[in-house]
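For reference, data_17.pdb is printed below; it contains PDB, C-alpha atoms.
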```
ATOM      1  CA  MET X 526     107.283  73.697 143.567
ATOM      2  CA  SER X 527     107.748  76.826 141.432
ATOM      3  CA  THR X 528     111.186  78.354 140.957
ATOM      4  CA  ALA X 529     112.256  81.646 139.412
ATOM      5  CA  PRO X 530     113.148  81.514 135.720
ATOM      6  CA  LEU X 531     116.830  81.118 134.919
ATOM      7  CA  LEU X 532     116.852  84.318 132.852
ATOM      8  CA  GLN X 533     114.347  87.148 132.515
ATOM      9  CA  VAL X 534     114.880  90.127 130.234
ATOM     10  CA  HIS X 535     112.418  93.019 130.458
ATOM     11  CA  GLY X 536     112.360  95.890 127.951
ATOM     12  CA  LEU X 537     116.082  95.681 127.164
ATOM     13  CA  VAL X 538     117.244  98.595 125.020
ATOM     14  CA  LYS X 539     120.620  99.691 123.665
ATOM     15  CA  HIS X 540     120.904 102.798 121.502
ATOM     16  CA  PHE X 541     124.382 103.860 120.391
ATOM     17  CA  PRO X 542     124.734 107.626 119.778
ATOM     18  CA  VAL X 543     125.762 108.769 116.293
ATOM     19  CA  ARG X 544     128.145 111.704 116.528
ATOM     20  CA  ARG X 545     128.915 114.086 113.689
ATOM     21  CA  GLY X 546     130.995 117.139 113.088
ATOM     22  CA  LEU X 547     134.109 118.557 114.639
ATOM     23  CA  LEU X 548     132.538 118.841 118.085
ATOM     24  CA  GLY X 549     131.117 115.324 118.006
ATOM     25  CA  ARG X 550     127.526 116.401 118.593
ATOM     26  CA  VAL X 551     124.950 113.648 118.831
ATOM     27  CA  SER X 552     122.876 113.681 115.651
ATOM     28  CA  GLY X 553     120.973 110.441 116.061
ATOM     29  CA  ALA X 554     121.170 106.924 117.402
ATOM     30  CA  VAL X 555     121.646 103.396 116.146
ATOM     31  CA  ARG X 556     118.911 101.282 117.716
ATOM     32  CA  ALA X 557     120.890  98.061 118.176
ATOM     33  CA  VAL X 558     118.467  96.423 120.639
ATOM     34  CA  ASP X 559     115.037  97.924 121.115
ATOM     35  CA  GLY X 560     112.678  96.569 123.760
ATOM     36  CA  VAL X 561     113.588  92.885 124.043
ATOM     37  CA  ASP X 562     111.583  90.739 126.462
ATOM     38  CA  LEU X 563     112.288  87.063 127.079
ATOM     39  CA  THR X 564     112.066  84.443 129.781
ATOM     40  CA  ILE X 565     114.038  81.199 129.901
ATOM     41  CA  ALA X 566     113.438  78.492 132.483
ATOM     42  CA  ALA X 567     116.199  76.209 133.745
ATOM     43  CA  GLY X 568     116.774  73.454 131.206
ATOM     44  CA  GLU X 569     115.302  75.459 128.313
ATOM     45  CA  THR X 570     117.196  76.699 125.280
ATOM     46  CA  LEU X 571     116.260  79.692 123.145
ATOM     47  CA  GLY X 572     117.914  80.195 119.773
ATOM     48  CA  VAL X 573     118.336  83.796 118.601
ATOM     49  CA  VAL X 574     118.699  83.714 114.833
ATOM     50  CA  ASP X 575     118.575  86.605 112.385
ATOM     51  CA  GLU X 576     120.658  88.395 109.801
ATOM     52  CA  SER X 577     124.142  89.709 110.449
ATOM     53  CA  GLY X 578     124.181  93.026 112.288
ATOM     54  CA  CYS X 579     120.708  92.697 113.798
ATOM     55  CA  GLY X 580     121.908  92.884 117.434
ATOM     56  CA  LYS X 581     122.306  89.236 118.529
ATOM     57  CA  SER X 582     125.800  89.730 119.966
ATOM     58  CA  THR X 583     124.828  93.109 121.431
ATOM     59  CA  LEU X 584     121.930  91.388 123.190
ATOM     60  CA  GLY X 585     124.349  88.822 124.659
ATOM     61  CA  ARG X 586     126.722  91.552 125.828
ATOM     62  CA  LEU X 587     123.823  93.422 127.437
ATOM     63  CA  VAL X 588     122.608  90.340 129.293
ATOM     64  CA  LEU X 589     126.088  89.843 130.779
ATOM     65  CA  ARG X 590     126.533  93.593 131.378
ATOM     66  CA  LEU X 591     129.643  93.670 129.250
ATOM     67  CA  ILE X 592     128.064  96.860 127.931
ATOM     68  CA  GLU X 593     125.483  98.939 129.794
ATOM     69  CA  SER X 594     121.916  99.104 128.527
ATOM     70  CA  THR X 595     120.061 102.269 127.654
ATOM     71  CA  ASP X 596     117.009 100.858 129.426
ATOM     72  CA  GLY X 597     115.562  97.586 130.704
ATOM     73  CA  ARG X 598     116.292  94.913 133.313
ATOM     74  CA  VAL X 599     118.049  91.559 133.316
ATOM     75  CA  LEU X 600     117.298  89.061 136.092
ATOM     76  CA  PHE X 601     119.435  85.961 136.401
ATOM     77  CA  GLU X 602     118.072  83.379 138.843
ATOM     78  CA  GLY X 603     115.889  86.183 140.239
ATOM     79  CA  GLU X 604     118.816  88.558 140.856
ATOM     80  CA  ASP X 605     118.859  91.933 139.069
ATOM     81  CA  LEU X 606     122.259  92.071 137.347
ATOM     82  CA  GLY X 607     121.895  95.837 136.903
ATOM     83  CA  ALA X 608     121.885  96.326 140.677
ATOM     84  CA  LEU X 609     125.224  94.555 141.219
ATOM     85  CA  ASP X 610     128.411  96.499 141.886
ATOM     86  CA  ALA X 611     131.597  95.602 139.982
ATOM     87  CA  THR X 612     132.785  93.047 142.566
ATOM     88  CA  GLN X 613     129.416  91.313 142.780
ATOM     89  CA  LEU X 614     129.079  91.291 138.982
ATOM     90  CA  ARG X 615     132.534  89.758 138.539
ATOM     91  CA  SER X 616     131.622  87.024 141.002
ATOM     92  CA  ARG X 617     128.309  86.389 139.217
ATOM     93  CA  ARG X 618     130.040  86.191 135.838
ATOM     94  CA  ARG X 619     131.797  83.025 137.022
ATOM     95  CA  SER X 620     128.487  81.345 136.191
ATOM     96  CA  LEU X 621     128.021  83.022 132.809
ATOM     97  CA  GLN X 622     129.850  83.210 129.522
ATOM     98  CA  ILE X 623     129.151  84.514 126.044
ATOM     99  CA  ILE X 624     129.890  82.319 123.045
ATOM    100  CA  PHE X 625     130.342  84.318 119.865
ATOM    101  CA  GLN X 626     129.276  83.123 116.423
ATOM    102  CA  ASP X 627     132.888  83.415 115.265
ATOM    103  CA  PRO X 628     135.022  81.554 117.838
ATOM    104  CA  TYR X 629     138.157  83.215 116.479
ATOM    105  CA  SER X 630     136.884  86.553 117.832
ATOM    106  CA  SER X 631     137.201  85.197 121.387
ATOM    107  CA  LEU X 632     140.910  84.397 120.967
ATOM    108  CA  ASN X 633     143.518  87.124 121.386
ATOM    109  CA  PRO X 634     146.050  86.752 118.536
ATOM    110  CA  ARG X 635     148.833  88.107 120.806
ATOM    111  CA  MET X 636     148.307  85.444 123.467
ATOM    112  CA  THR X 637     149.105  81.765 123.258
ATOM    113  CA  VAL X 638     146.212  79.371 123.682
ATOM    114  CA  GLY X 639     147.645  78.429 127.086
ATOM    115  CA  GLN X 640     147.690  82.070 128.202
ATOM    116  CA  THR X 641     144.104  82.523 126.989
ATOM    117  CA  LEU X 642     142.948  79.481 128.945
ATOM    118  CA  ALA X 643     144.867  80.422 132.097
ATOM    119  CA  GLU X 644     143.566  84.010 132.141
ATOM    120  CA  PRO X 645     140.048  83.287 133.514
ATOM    121  CA  LEU X 646     141.559  80.912 136.076
ATOM    122  CA  MET X 647     143.802  83.674 137.389
ATOM    123  CA  LEU X 648     141.101  86.345 137.110
ATOM    124  CA  HIS X 649     138.668  84.324 139.214
ATOM    125  CA  GLY X 650     141.241  82.773 141.561
ATOM    126  CA  LEU X 651     140.514  79.227 140.426
ATOM    127  CA  HIS X 652     142.853  76.214 140.413
ATOM    128  CA  ILE X 653     145.568  78.203 142.205
ATOM    129  CA  GLY X 654     148.952  76.598 141.626
ATOM    130  CA  ARG X 655     147.427  74.239 139.056
ATOM    131  CA  HIS X 656     146.955  76.521 136.053
ATOM    132  CA  ARG X 657     149.295  74.541 133.806
ATOM    133  CA  GLU X 658     147.625  71.234 134.702
ATOM    134  CA  ARG X 659     144.126  72.664 134.225
ATOM    135  CA  VAL X 660     145.094  74.113 130.822
ATOM    136  CA  ALA X 661     146.371  70.672 129.764
ATOM    137  CA  GLU X 662     143.066  69.104 130.904
ATOM    138  CA  LEU X 663     141.069  71.645 128.926
ATOM    139  CA  LEU X 664     143.144  71.105 125.807
ATOM    140  CA  HIS X 665     142.642  67.355 126.150
ATOM    141  CA  THR X 666     138.884  67.922 126.433
ATOM    142  CA  VAL X 667     138.806  69.531 122.965
ATOM    143  CA  GLY X 668     141.167  66.938 121.450
ATOM    144  CA  LEU X 669     144.445  68.848 121.638
ATOM    145  CA  ALA X 670     147.755  67.874 123.210
ATOM    146  CA  PRO X 671     149.257  69.834 126.144
ATOM    147  CA  GLU X 672     152.048  71.136 123.897
ATOM    148  CA  HIS X 673     149.436  73.063 121.905
ATOM    149  CA  ALA X 674     149.265  75.501 124.853
ATOM    150  CA  GLY X 675     152.351  77.257 123.447
ATOM    151  CA  ARG X 676     150.748  77.936 120.066
ATOM    152  CA  TYR X 677     149.043  81.093 118.889
ATOM    153  CA  PRO X 678     145.512  81.006 117.403
ATOM    154  CA  HIS X 679     146.707  81.555 113.820
ATOM    155  CA  GLU X 680     148.785  78.370 114.086
ATOM    156  CA  PHE X 681     145.645  76.209 114.217
ATOM    157  CA  SER X 682     143.382  75.099 111.409
ATOM    158  CA  GLY X 683     139.668  75.970 111.532
ATOM    159  CA  GLY X 684     138.463  72.897 113.464
ATOM    160  CA  PRO X 685     140.876  73.030 116.417
ATOM    161  CA  ARG X 686     140.676  76.822 116.492
ATOM    162  CA  ASP X 687     136.864  76.687 116.667
ATOM    163  CA  GLY X 688     137.035  74.218 119.563
ATOM    164  CA  GLY X 689     139.593  76.390 121.327
ATOM    165  CA  GLY X 690     137.296  79.411 121.105
ATOM    166  CA  ASP X 691     134.841  77.741 123.474
ATOM    167  CA  THR X 692     137.496  76.232 125.735
ATOM    168  CA  PRO X 693     137.776  79.309 128.012
ATOM    169  CA  ALA X 694     134.192  78.468 128.989
ATOM    170  CA  GLY X 695     135.442  75.180 130.367
ATOM    171  CA  ALA X 696     138.250  76.883 132.237
ATOM    172  CA  ARG X 697     135.729  78.249 134.731
ATOM    173  CA  ALA X 698     133.198  75.483 134.012
ATOM    174  CA  PRO X 699     130.212  77.860 133.962
ATOM    175  CA  PRO X 700     126.901  76.058 134.248
ATOM    176  CA  ARG X 701     125.174  78.551 131.928
ATOM    177  CA  ARG X 702     126.175  80.073 128.619
ATOM    178  CA  VAL X 703     124.856  82.944 126.556
ATOM    179  CA  GLY X 704     125.402  82.597 122.824
ATOM    180  CA  GLY X 705     125.918  85.326 120.252
ATOM    181  CA  ALA X 706     124.331  83.303 117.456
ATOM    182  CA  ALA X 707     124.568  79.747 118.702
ATOM    183  CA  GLY X 708     121.713  80.150 121.175
ATOM    184  CA  TRP X 709     120.783  80.820 124.755
ATOM    185  CA  GLY X 710     120.362  78.483 127.624
ATOM    186  CA  ARG X 711     122.013  76.153 130.007
ATOM    187  CA  GLY X 712     125.246  74.626 128.766
ATOM    188  CA  GLY X 713     127.480  72.049 130.301
TER     189      GLY X 713
END
```
Kindly present the structure from the file in structure tokens form.
Amino acid sequence: MSTAPLLQVHGLVKHFPVRRGLLGRVSGAVRAVDGVDLTIAAGETLGVVDESGCGKSTLGRLVLRLIESTDGRVLFEGEDLGALDATQLRSRRRSLQIIFQDPYSSLNPRMTVGQTLAEPLMLHGLHIGRHRERVAELLHTVGLAPEHAGRYPHEFSGGPRDGGGDTPAGARAPPRRVGGAAGWGRGG
């Protein structure tokens, strides 16, 4: 029995315009992602590794439609993510998450860890009336006590902060993850 690949990327392109002068005229473009093609089957993992600034995180953002592509298509489980309206895309994103190379970049310094973990629960209408309990469960999963929910990211050392950067993924429990530098594939 043949099934559609988990993820297919066809000719994905993102060019950012370079503007100059008082009027902000376009004088060129930064070619951040230029014609990427890839296919990943369920259960496979693809690592995207290259130098800093080469477009790994931009590629992840494009796949999740956090930014719009200049050209190309992204199919997730056979569904064209570019054809989804905002409501459909938000619903589909419950199954997807980006993991950045620097976990600290995924934590808002003005929000407590508890607020950061509760935000996707509220956004997606999950665990209604149980946000506090779910946050405590998530903290326990990464080796932190429930009272850590009241702390801000800068109050943690590197190890716990790094674990907390991925914890919002567990808040929604997405079955798939897209990594900025860590890799691509199915997570758990």
Quiz item: Mind telling me what the PyMOL selection byres ((chain X and resi 531) around 7) catches here, as a ChimeraX atom specification?
Solution: /X:529-530,532-533,565-567,601-602
Self-check item: Distance of CA of Thr612 (chain X) from CA of Val588 (chain X), expressed in Å to one decimal place
Solution: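 Result for CA of Val588 (chain X) versus CA of Thr612 (chain X): 16.9 Å, one decimal.
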Padding 5 Å on each side, edges along x, y and z: where is the centre of the box around the listed atoms of region 660-677 of chain X, and how long are its edges in Å to one decimal? Output it as JSON.
```
{"center_x": 145.6, "center_y": 74.0, "center_z": 124.9, "size_x": 23.5, "size_y": 24.2, "size_z": 22.0}
```
Quiz prompt | Nearest to Phe681 (chain X), chosen from X:Thr595, X:Thr637, X:Thr666, X:Ser620, with all atoms listed in the file counted in the distances | solution =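 Between X:Thr595, X:Thr637, X:Thr666, X:Ser620, the residue approaching Phe681 (chain X) most closely is X:Thr637.
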Exercise. Kindly indicate which residue among X:Leu648, X:Ala674, X:Val538, X:Leu548 lies nearest to Ile592 (chain X), using all atoms listed in the file for the distances.
Key: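 Among X:Leu648, X:Ala674, X:Val538, X:Leu548, it is X:Val538 that comes nearest to Ile592 (chain X).
Using only C-alpha atoms, the nearest neighbour of Leu537 (chain X) within the list X:Arg598, X:Arg586, X:Arg550, X:Arg635 is X:Arg598.
Ranking X:Leu642, X:Glu593, X:Pro678, X:Asp562 by their shortest atom-to-atom distance to Ala661 (chain X), with all atoms listed in the file included, puts X:Leu642 first.
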